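Reading through the structure tokens given below for one structure.
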Amino acid sequence: MLYSTPMPNSTNTVLKYAILSGIFSLAFIPLIVSSNMFFPFITGKNFTFRIIIELIFGLYLILAMRDSSYRPRFSGMFAAFLSFIGIMTLATIFAENPAKSFWSNYERMEGLITLLHLFAYFIVLGHVINTKKLWDRLFQTSLGVSLIICFYAFLQLAGKLTINQGGVRVDATFGNATYLAIYMVIHIFLALVFILRVNQATWIRIVYGALVVMQTIVLYHTATRGAILGLLGGLGLMALLLAIFEKERKSIRKISIATIGVIVAIVLVFVAVKDSDFVTKSPVLSRFSNISFNETKTQARAYVWPMAINGFKEKPILGWGQENFNFVFNKYYDSRMYRHEPWFDRTHNVVLDWLVAGGLLGILGYLSLYALAMYAVWKKGDLSFAERAAFTGLFSAYFFHNLFVFDNLTSYIMFVLLLSYLHFDTARDFSNRLSRKMEDLLSSQALVNRLVAPIIVVLTIASVYYLNAKPIAANTTLIESISTGTVEERINNFKRALSYDTFGNQEIREQIVQFAFNVSYANGV
């Protein structure tokens with residue numbers, strides 16, 4: 001790549017460290033619970049993520065224009081992610097409900113807008129975190145946060161903190177045991193990556209090993225079958241690869257063979273005792289003992305998945321758009337669902353979710369991210385064979401888990417973090433011709449400082465206000481409407497929440513209907 005003379009380093013340094021501060025702060029998002037907001041485990045995390053991304057992406061654009069070493073580089077991962085965004089943009093334009101497909105709602109806070117923020121996160125990560133040392137520090141920060149969450153879950157197990165879902169399945173600061181489970185699975189494999197590093201000090205391996213034990217205990221107490229089975233499968237695949245192909249580190253091969261033996265033994269012992277009182281009376285183990293073909297035929301998924309396939313058949317190319325599964329659910333409703341939840345907005349299967357949301361093009365775009373990730377993992381690079389095996393196990397476990405549930409913001413963040421890391425490890429500069437045109441366009445310091453940078457600042461402030469500040473104000477006002485005040489005060493708060501005219505309007509109106517019903521019932525109407 002042709003590098004221009006960077007503009008004054010002091011400004012670039014300030015921009016770089018401001019961006020890095022934002023990136024590292026994102027690792028703490030799982031800790032956020034906004035009790036003063038509607039859907040406290042969802043909205044606070046998502047709004048914080050969006051605001052930070054918009055701020056650091058604006059700073060990144062200025063930095064990239066000032067210093068060519070931070071500009072985007074090409075990789076198969078970059079192309080696949082960009083293509084996926086393009087496909088889902090088209091799917092949104094032609095969606096059954098384009099507005100909801102773009103904006104989503106408070107309950108999920110996904111939609112195209114979240115994909116765009118995730119892609120911005122991918123770009124910033126892959127080009128500002130530009131050394132192995134920085135990547136290690138970022139992964140270690142995330143592992144540190146997972147340790148905090150482990151302690152939180154232990155306090156729930158001890159009865160010192162409330163399990164938000166009720167029951168015995170710990171959910172920590174996620175409000176959902178399934179979300180916590182996949183977060184733990186990903187961090188177990190990240191810790192294993194550091195354990196498997198060549199020339200790693202023994203005491204460091206012991207520290208990471210202790211963390212893996214804690215994370216595994218928490219995972220077990222989430223009682224999330226897909227995540228636990230995914231972990232066992234991912235560990236088995238990783239151990240198999242190491243047992244067969246690891247030629248240099250014989251100790252790793254022996255441990256891998258032993259790991260395979262332990263996994264097989266666990267499965268065989270469990271099958272042998274699955275009908276015992278010890279298993280059937282365990283709130284966690286009993287969930288696994290109930291796994292059978294007959295059980296799957298009576299689960300809600302047995303009815304929802306065929307609905308999704310029918311929806312895909314009707315719109316096979318670009319699907320129905322994100323957040324539009326309700327149209328499929330209503331059109332192809334199976335009356336046998338009467339024994340289950342009356343309403344589904346997800347298929348609880350990642351393949352079917354993207355088939356419905358983006359059609360054949362959408363699922364191919366999504367699966368290409370995994371394919372390119374595996375290519376990047378095994379392409380010649382700085383990763384050792386053991387690290388490659390660990391990342392392979394991680395992606396396998398993650399994908400298996402998602403065959404029975406759906407993603408959430410924290411798992412999306414971790415997924416994109418891994419994709420961006422692999423992009424960093426395999427990316428190359430764009431062509432000299434393209435680089436030269438970029439240099440010519442941005443060679444004027446005055447143009448950047450006096451025109452382009454101010455425009456970016458204004459657009460960033462506007463995005464933070466219109467995309468976040470207004471919906472947050474509507475959200476908190478909605479909570480006031482629901483929870484406190486006289487009937488007249490609450491009606492005024494509902495009106496005020498609607499006056500912000502945000503993507504939360506539908507949910508605000510739903511709460512108004514519920515409020516009106518409650519008032520009528522209380523008055524004997």
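By order of appearance in the structure tokens: chains A, B, ..., then residues from 1 within every chain, and ligands from 1 in the order shown.
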
Q) Could you name the residues that touch region 257-259 of chain A at 8 Å or less, counting only C-alpha atoms, but leaving out those on the same chain fewer than 4 positions away, as number ranges by chain? A) A: 236, 239-240, 243, 253, 263

(Q) At a cut-off of 9 Å, using only C-alpha atoms, what residues contact region 171-177 of chain A? Leave out same-chain residues fewer than 2 positions from it and give the result as a PyMOL selection string. (A) chain A and resi 30-33+40-42+149-156+161-165+169+179-182+219+221-224+410

Give one line per residue of region 119-141 of chain A that approaches region 73-87 of chain A to at most 9 Å, naming the two atoms of the closest pair and their distance in Å to one decimal, counting only C-alpha atoms; sort by chain then ascending residue number and deliver it as JSON lines.
```
{"residue": "A:Phe119", "atom": "CA", "partner": "A:Phe81", "partner_atom": "CA", "distance": 7.3}
{"residue": "A:Phe122", "atom": "CA", "partner": "A:Phe78", "partner_atom": "CA", "distance": 8.6}
{"residue": "A:Ile123", "atom": "CA", "partner": "A:Phe78", "partner_atom": "CA", "distance": 8.4}
{"residue": "A:Gly126", "atom": "CA", "partner": "A:Arg73", "partner_atom": "CA", "distance": 8.6}
{"residue": "A:His127", "atom": "CA", "partner": "A:Arg73", "partner_atom": "CA", "distance": 7.7}
```

Q. Rounded to one decimal in Å, what is the spacing between CA of Arg50 (chain A) and CA of Lys470 (chain A)?
A.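 About the pair CA of Arg50 (chain A) and CA of Lys470 (chain A): they are 13.2 Å apart.
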
Q) Can you tell me how far CA of Thr11 (chain A) sits from CA of Ser25 (chain A), in Å to one decimal? A) 21.3 Å

Q) Quick one: distance from CA of Leu241 (chain A) to CA of Ile195 (chain A) in Å, one decimal? A) 16.4 Å

Q | Nearest to Tyr466 (chain A) by atom-to-atom distance, counting only C-alpha atoms, from A:Leu367, A:Ala210, A:Phe503, A:Arg301 | A |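 Under the stated criterion, the closest residue is A:Phe503.
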
Q.
So that I can check the surroundings of region 473-483 of chain A, please list as a PyMOL selection string every protein, DNA and RNA residue that reaches within 9 Å of it, counting only C-alpha atoms and ignoring chain neighbours fewer than 5 positions away.
A. chain A and resi 36-38+43+106+468+489-494+496-502+504-505+508+511-512+515

Selected residues, N, CA and C atoms, written as a short mmCIF file (atom, residue, chain, number, x, y, z; two decimals), in the first residue's frame, please.
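Generated file (out25.cif):
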```cif
data_model
loop_
_atom_site.label_atom_id
_atom_site.label_comp_id
_atom_site.auth_asym_id
_atom_site.auth_seq_id
_atom_site.Cartn_x
_atom_site.Cartn_y
_atom_site.Cartn_z
N ASN A 36 -34.27 0.88 35.05
CA ASN A 36 -35.22 1.96 34.80
C ASN A 36 -35.69 1.97 33.35
N MET A 37 -35.44 0.87 32.63
CA MET A 37 -35.83 0.83 31.22
C MET A 37 -36.71 -0.38 30.94
N PHE A 38 -37.53 -0.27 29.92
CA PHE A 38 -38.37 -1.36 29.44
C PHE A 38 -37.46 -2.42 28.83
N THR A 43 -32.36 -3.54 26.51
CA THR A 43 -32.24 -2.18 25.98
C THR A 43 -30.99 -1.45 26.44
N TYR A 106 -38.02 -2.89 21.15
CA TYR A 106 -37.29 -2.88 22.41
C TYR A 106 -36.98 -4.29 22.90
N ASN A 468 -30.59 7.02 19.27
CA ASN A 468 -30.48 6.53 20.65
C ASN A 468 -31.17 7.41 21.69
N GLU A 489 -51.91 10.94 35.21
CA GLU A 489 -50.47 11.11 35.01
C GLU A 489 -49.91 10.03 34.09
N ARG A 490 -50.38 8.83 34.26
CA ARG A 490 -49.89 7.73 33.42
C ARG A 490 -50.34 7.90 31.97
N ILE A 491 -51.56 8.38 31.77
CA ILE A 491 -52.04 8.65 30.41
C ILE A 491 -51.18 9.72 29.75
N ASN A 492 -50.84 10.76 30.50
CA ASN A 492 -49.99 11.82 29.97
C ASN A 492 -48.60 11.29 29.63
N ASN A 493 -48.09 10.38 30.46
CA ASN A 493 -46.78 9.79 30.17
C ASN A 493 -46.83 8.91 28.92
N PHE A 494 -47.92 8.18 28.74
CA PHE A 494 -48.08 7.40 27.51
C PHE A 494 -48.06 8.32 26.29
N ARG A 496 -46.69 11.24 26.10
CA ARG A 496 -45.34 11.78 25.94
C ARG A 496 -44.40 10.74 25.31
N ALA A 497 -44.54 9.48 25.71
CA ALA A 497 -43.71 8.42 25.12
C ALA A 497 -43.96 8.29 23.64
N LEU A 498 -45.23 8.38 23.23
CA LEU A 498 -45.56 8.29 21.80
C LEU A 498 -45.08 9.51 21.03
N SER A 499 -45.01 10.67 21.71
CA SER A 499 -44.64 11.90 21.02
C SER A 499 -43.21 11.88 20.49
N TYR A 500 -42.36 11.00 21.05
CA TYR A 500 -40.99 10.90 20.55
C TYR A 500 -40.95 10.23 19.18
N ASP A 501 -42.02 9.52 18.82
CA ASP A 501 -42.17 8.89 17.50
C ASP A 501 -40.95 8.02 17.15
N THR A 502 -40.76 6.95 17.93
CA THR A 502 -39.61 6.07 17.77
C THR A 502 -40.06 4.67 17.37
N GLY A 504 -40.21 2.28 19.15
CA GLY A 504 -40.90 1.66 20.27
C GLY A 504 -42.39 1.93 20.30
N ASN A 505 -42.92 2.64 19.31
CA ASN A 505 -44.33 3.02 19.33
C ASN A 505 -45.27 1.83 19.43
N ILE A 508 -45.33 0.62 22.92
CA ILE A 508 -46.00 1.60 23.78
C ILE A 508 -47.51 1.46 23.63
N GLN A 511 -48.80 -1.51 25.49
CA GLN A 511 -48.92 -1.25 26.93
C GLN A 511 -50.11 -0.36 27.24
N ILE A 512 -50.46 0.54 26.32
CA ILE A 512 -51.65 1.38 26.51
C ILE A 512 -52.90 0.51 26.54
N PHE A 515 -52.99 -1.30 29.76
CA PHE A 515 -53.34 -0.35 30.83
C PHE A 515 -54.85 -0.07 30.82
#
```

Q: Find the residues around region 112-116 of chain A up to 9 Å (only C-alpha atoms counted), leave out those fewer than 6 positions away in its own chain, and share them as a list of chain:residue names.
A: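 Surrounding residues, per the criterion: A:Asn46, A:Arg50, A:Ile85, A:Met88, A:Thr89, A:Thr92, A:Ser101, A:Phe102, A:Trp103, A:Ser104, A:Gln322, A:Leu409.
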
Write to file, as a PDB file, in the first residue's frame, the residues of the selection just made, with N, CA and C atoms.
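Written out: result_19.pdb:
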```pdb
ATOM      1  N   ASN A  46     -27.963  -2.732  24.561  1.00  0.00           N
ATOM      2  CA  ASN A  46     -27.986  -2.394  23.146  1.00  0.00           C
ATOM      3  C   ASN A  46     -27.771  -0.911  22.888  1.00  0.00           C
ATOM      4  N   ARG A  50     -24.678   0.694  20.789  1.00  0.00           N
ATOM      5  CA  ARG A  50     -24.874   1.542  19.604  1.00  0.00           C
ATOM      6  C   ARG A  50     -24.210   2.899  19.764  1.00  0.00           C
ATOM      7  N   ILE A  85     -24.220  -7.991   4.607  1.00  0.00           N
ATOM      8  CA  ILE A  85     -24.900  -6.728   4.898  1.00  0.00           C
ATOM      9  C   ILE A  85     -25.700  -6.267   3.680  1.00  0.00           C
ATOM     10  N   MET A  88     -28.868  -8.442   3.290  1.00  0.00           N
ATOM     11  CA  MET A  88     -29.889  -8.146   4.292  1.00  0.00           C
ATOM     12  C   MET A  88     -30.466  -6.746   4.109  1.00  0.00           C
ATOM     13  N   THR A  89     -29.719  -5.852   3.502  1.00  0.00           N
ATOM     14  CA  THR A  89     -30.265  -4.538   3.171  1.00  0.00           C
ATOM     15  C   THR A  89     -31.360  -4.680   2.115  1.00  0.00           C
ATOM     16  N   THR A  92     -34.379  -6.152   3.648  1.00  0.00           N
ATOM     17  CA  THR A  92     -35.107  -5.155   4.425  1.00  0.00           C
ATOM     18  C   THR A  92     -35.963  -4.278   3.520  1.00  0.00           C
ATOM     19  N   SER A 101     -38.305  -4.358  10.065  1.00  0.00           N
ATOM     20  CA  SER A 101     -37.121  -5.098   9.642  1.00  0.00           C
ATOM     21  C   SER A 101     -35.862  -4.275   9.874  1.00  0.00           C
ATOM     22  N   PHE A 102     -35.965  -2.982   9.709  1.00  0.00           N
ATOM     23  CA  PHE A 102     -34.802  -2.112   9.934  1.00  0.00           C
ATOM     24  C   PHE A 102     -34.612  -1.815  11.417  1.00  0.00           C
ATOM     25  N   TRP A 103     -35.696  -1.413  12.105  1.00  0.00           N
ATOM     26  CA  TRP A 103     -35.576  -0.885  13.465  1.00  0.00           C
ATOM     27  C   TRP A 103     -35.702  -1.934  14.555  1.00  0.00           C
ATOM     28  N   SER A 104     -36.423  -3.034  14.301  1.00  0.00           N
ATOM     29  CA  SER A 104     -36.723  -4.033  15.320  1.00  0.00           C
ATOM     30  C   SER A 104     -37.615  -3.410  16.408  1.00  0.00           C
ATOM     31  N   GLN A 322     -35.835  -9.231   8.330  1.00  0.00           N
ATOM     32  CA  GLN A 322     -35.630  -9.460   9.763  1.00  0.00           C
ATOM     33  C   GLN A 322     -36.841  -8.992  10.571  1.00  0.00           C
ATOM     34  N   LEU A 409     -27.338  -9.784  21.599  1.00  0.00           N
ATOM     35  CA  LEU A 409     -26.271  -8.808  21.376  1.00  0.00           C
ATOM     36  C   LEU A 409     -24.917  -9.298  21.869  1.00  0.00           C
TER      37      LEU A 409
END
```

Q) Which neighbours of Tyr333 (chain A) fall inside 9 Å, counting only C-alpha atoms, when residues of the same chain fewer than 5 positions from it are skipped, and could you give them as a ChimeraX atom specification? A) /A:303-304,307,328

Q: Please identify all polymer residues within 10 Å of Ser276 (chain A), counting only C-alpha atoms, omitting same-chain residues fewer than 5 positions from it, and present them as number ranges by chain.
A: A: 270, 281, 286, 289

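Counting only C-alpha atoms and comparing A:Phe344, A:Phe395, A:Tyr70, A:Phe278, the residue that lies closest to Val377 (chain A) is A:Phe395.
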
Q. Hey, what does DSSP flag as alpha helix (DSSP H) within region 260-458 of chain A? Can you give it to me as number ranges by chain?
A. A: 260-273, 277-280, 285-289, 293-298, 300-314, 325-331, 350-378, 385-402, 409-426, 432-441, 445-447, 453-458

Q: May I have the residues within 8 Å of region 450-458 of chain A as a list in words, using only C-alpha atoms and disregarding those fewer than 4 positions away in the same chain?
A: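 With the cut-off at 8 Å, the set is Gly58, Leu61, Ile62, Ala446 and Ala462 of chain A.
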